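**Student:** What follows is a single structure, and I will ask about it in a moment.
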Amino acid sequence: MQSTILMTCLSIQRPGRPTWRLCLNFLGAITIRPIKCVLGSSTVDFLGHRLGHGTISLQDENVERVKNAPRPKTRKEVRAFLGLVGYCKEFVPNFAAISAPLSDLVRKGQPSTVNWGDSQEKAYISLKFAVTSKPVLQMPHIAKRFILRTDASGRGLGAALMQESDGMLFPVAYASKRLTDREQKYSVIEREAFAIVWGVKKFSLYLYGTKFTLQTDHGPRQFLKAAKFESPRIMRYA
């Protein structure tokens with residue numbers, strides 16, 4: 001059995017107890033190959049990602065695969081392309097909404113030869129650009145305040161978890177969700193409220209029990225507390 005292990009420490013001079021405990025395990029039942037080890041490095045490639053200097057980015061090989069991916073011509077090729085860019089979705093804001101025209105092509109009942117139109121071409125180009133622009137995420141700092149941005153469109157929900165550093169906002173993680181046919185029939189206010197509730201739950205690991213800032217650019221959000229709603233859905237969200 002093979003496995004990949006990643007350990008971090010503040011300095012190579014003072015590795016800390018977890019590192020020493022792992023080393024003691026190596027002396028027991030675990031065998032390592034020196035050629036496969038990276039020790040004392042400030043950056044490391046791990047499971048398709050590059051980690052270092054407080055940031056997470058995609059490995060160059062993964063970016064190149066997306067860059068060189070040909071335009072899909074069949075359902076099988078569309079599914080393969082979505083799988084390729086889907087591995088990078090945590091780096092792409094509103095991934096679900098952007099990829100929706102391509103996802104439509106692989107839904108049950110669709111023909112094997114795809115009907116490639118303007119919306120599919122736009123989604124294809126947008127996804128390739130988003131990945132090949134080499135996006136970077138900042139590693140979360142638990143001691144700092146989180147900022148949650150949410151948004152909703154007619155096709156999906158989007159959320160961005162951010163933190164401030166040196167007076168600038170940097171993304172920590174992105175998440176998105178495609179709306180079902182039923183959810184797409186929600187009113188604008190209902191979709192925006194849904195985005196907030198979903199976004200908070202999605203990043204509950206970081207937000208639960210902490211004070212955070214919620215940002216939304218949609219005007220009707222300001223009326224949620226003041227207005228009276230007949231929608232049971234809005235009342236549940238409130």
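Numbering starts fresh at 1 for the residues of each chain in the structure tokens, the chains themselves are lettered A, B, ... in the order given, and ligands are numbered from 1 as they appear.
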Pull the alpha helix (DSSP H) assignments for region 56-118 of chain A out of DSSP run on the backbone, and list those residues as a VMD selection string.

**Tutor:** chain A and resid 60 to 67 75 to 86 95 to 103 118

**Student:** Could you take the residues named above and write them with C-alpha atoms, as an mmCIF file, in the first residue's frame?

**Tutor:**
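Output below, filename part03.cif:
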```
data_model
loop_
_atom_site.group_PDB
_atom_site.id
_atom_site.type_symbol
_atom_site.label_atom_id
_atom_site.label_comp_id
_atom_site.auth_asym_id
_atom_site.auth_seq_id
_atom_site.Cartn_x
_atom_site.Cartn_y
_atom_site.Cartn_z
ATOM 1 C CA ASP A 60 1.420 23.649 -13.785
ATOM 2 C CA GLU A 61 0.649 20.216 -15.253
ATOM 3 C CA ASN A 62 -3.042 20.552 -14.416
ATOM 4 C CA VAL A 63 -3.182 24.044 -15.894
ATOM 5 C CA GLU A 64 -1.537 22.792 -19.088
ATOM 6 C CA ARG A 65 -4.037 19.940 -19.406
ATOM 7 C CA VAL A 66 -6.913 22.411 -19.356
ATOM 8 C CA LYS A 67 -5.095 24.786 -21.700
ATOM 9 C CA ARG A 75 -21.171 13.845 -24.875
ATOM 10 C CA LYS A 76 -18.261 11.686 -23.751
ATOM 11 C CA GLU A 77 -15.781 14.451 -24.560
ATOM 12 C CA VAL A 78 -17.938 17.072 -22.819
ATOM 13 C CA ARG A 79 -18.086 14.878 -19.724
ATOM 14 C CA ALA A 80 -14.302 14.443 -19.828
ATOM 15 C CA PHE A 81 -13.753 18.199 -20.127
ATOM 16 C CA LEU A 82 -16.112 18.907 -17.228
ATOM 17 C CA GLY A 83 -14.220 16.374 -15.134
ATOM 18 C CA LEU A 84 -10.933 18.042 -16.033
ATOM 19 C CA VAL A 85 -12.010 21.569 -15.103
ATOM 20 C CA GLY A 86 -14.182 20.305 -12.253
ATOM 21 C CA PHE A 95 -18.220 27.484 -11.461
ATOM 22 C CA ALA A 96 -21.653 25.829 -11.453
ATOM 23 C CA ALA A 97 -23.400 28.700 -13.253
ATOM 24 C CA ILE A 98 -20.579 29.130 -15.788
ATOM 25 C CA SER A 99 -20.465 25.421 -16.624
ATOM 26 C CA ALA A 100 -24.268 24.987 -16.773
ATOM 27 C CA PRO A 101 -24.526 25.187 -20.605
ATOM 28 C CA LEU A 102 -21.989 22.356 -20.866
ATOM 29 C CA SER A 103 -23.635 20.333 -18.107
ATOM 30 C CA ASP A 118 -22.924 30.304 -28.453
#
```

**Student:** List the spatial neighbours of region 185-199 of chain A as a ChimeraX atom specification - criterion: any atom at most 6 Å away, only C-alpha atoms, same-chain residues fewer than 5 positions off excluded.

**Tutor:** /A:150,152,157,159

**Student:** For Leu39 (chain A), which of A:Ala160, A:Ala123, A:Leu207, A:Ile5 is the closest residue, counting only C-alpha atoms?

**Tutor:**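 Of the candidates, the smallest distance to Leu39 (chain A) is held by A:Ile5.
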
**Student:** Tell me which protein, DNA and RNA residues are within 10 Å of Thr210 (chain A), counting only C-alpha atoms, leaving out same-chain ones fewer than 5 positions away, and put them as a ChimeraX atom specification.

**Tutor:** /A:142-143,145-146,204

**Student:** Could you write out that same residue set with N, CA and C atoms as a CSV table (one decimal), in the first residue's frame?

**Tutor:**
```csv
chain,number,residue,atom,x,y,z
A,142,ILE,N,-7.1,31.4,11.0
A,142,ILE,CA,-8.2,31.3,11.9
A,142,ILE,C,-8.4,32.5,12.8
A,143,ALA,N,-7.3,33.2,13.1
A,143,ALA,CA,-7.4,34.3,14.0
A,143,ALA,C,-7.9,35.5,13.4
A,145,ARG,N,-10.7,37.7,10.8
A,145,ARG,CA,-12.1,37.7,10.5
A,145,ARG,C,-12.3,37.2,9.1
A,146,PHE,N,-13.3,36.4,8.9
A,146,PHE,CA,-13.7,35.9,7.6
A,146,PHE,C,-14.8,36.8,6.9
A,204,SER,N,-19.3,26.3,6.9
A,204,SER,CA,-19.6,26.3,8.4
A,204,SER,C,-18.3,25.9,9.2
```

**Student:** Considering only C-alpha atoms, state which residue in the set A:His141, A:Lys201, A:Arg182, A:Arg155 is at the smallest distance from Gly54 (chain A).

**Tutor:** A:His141
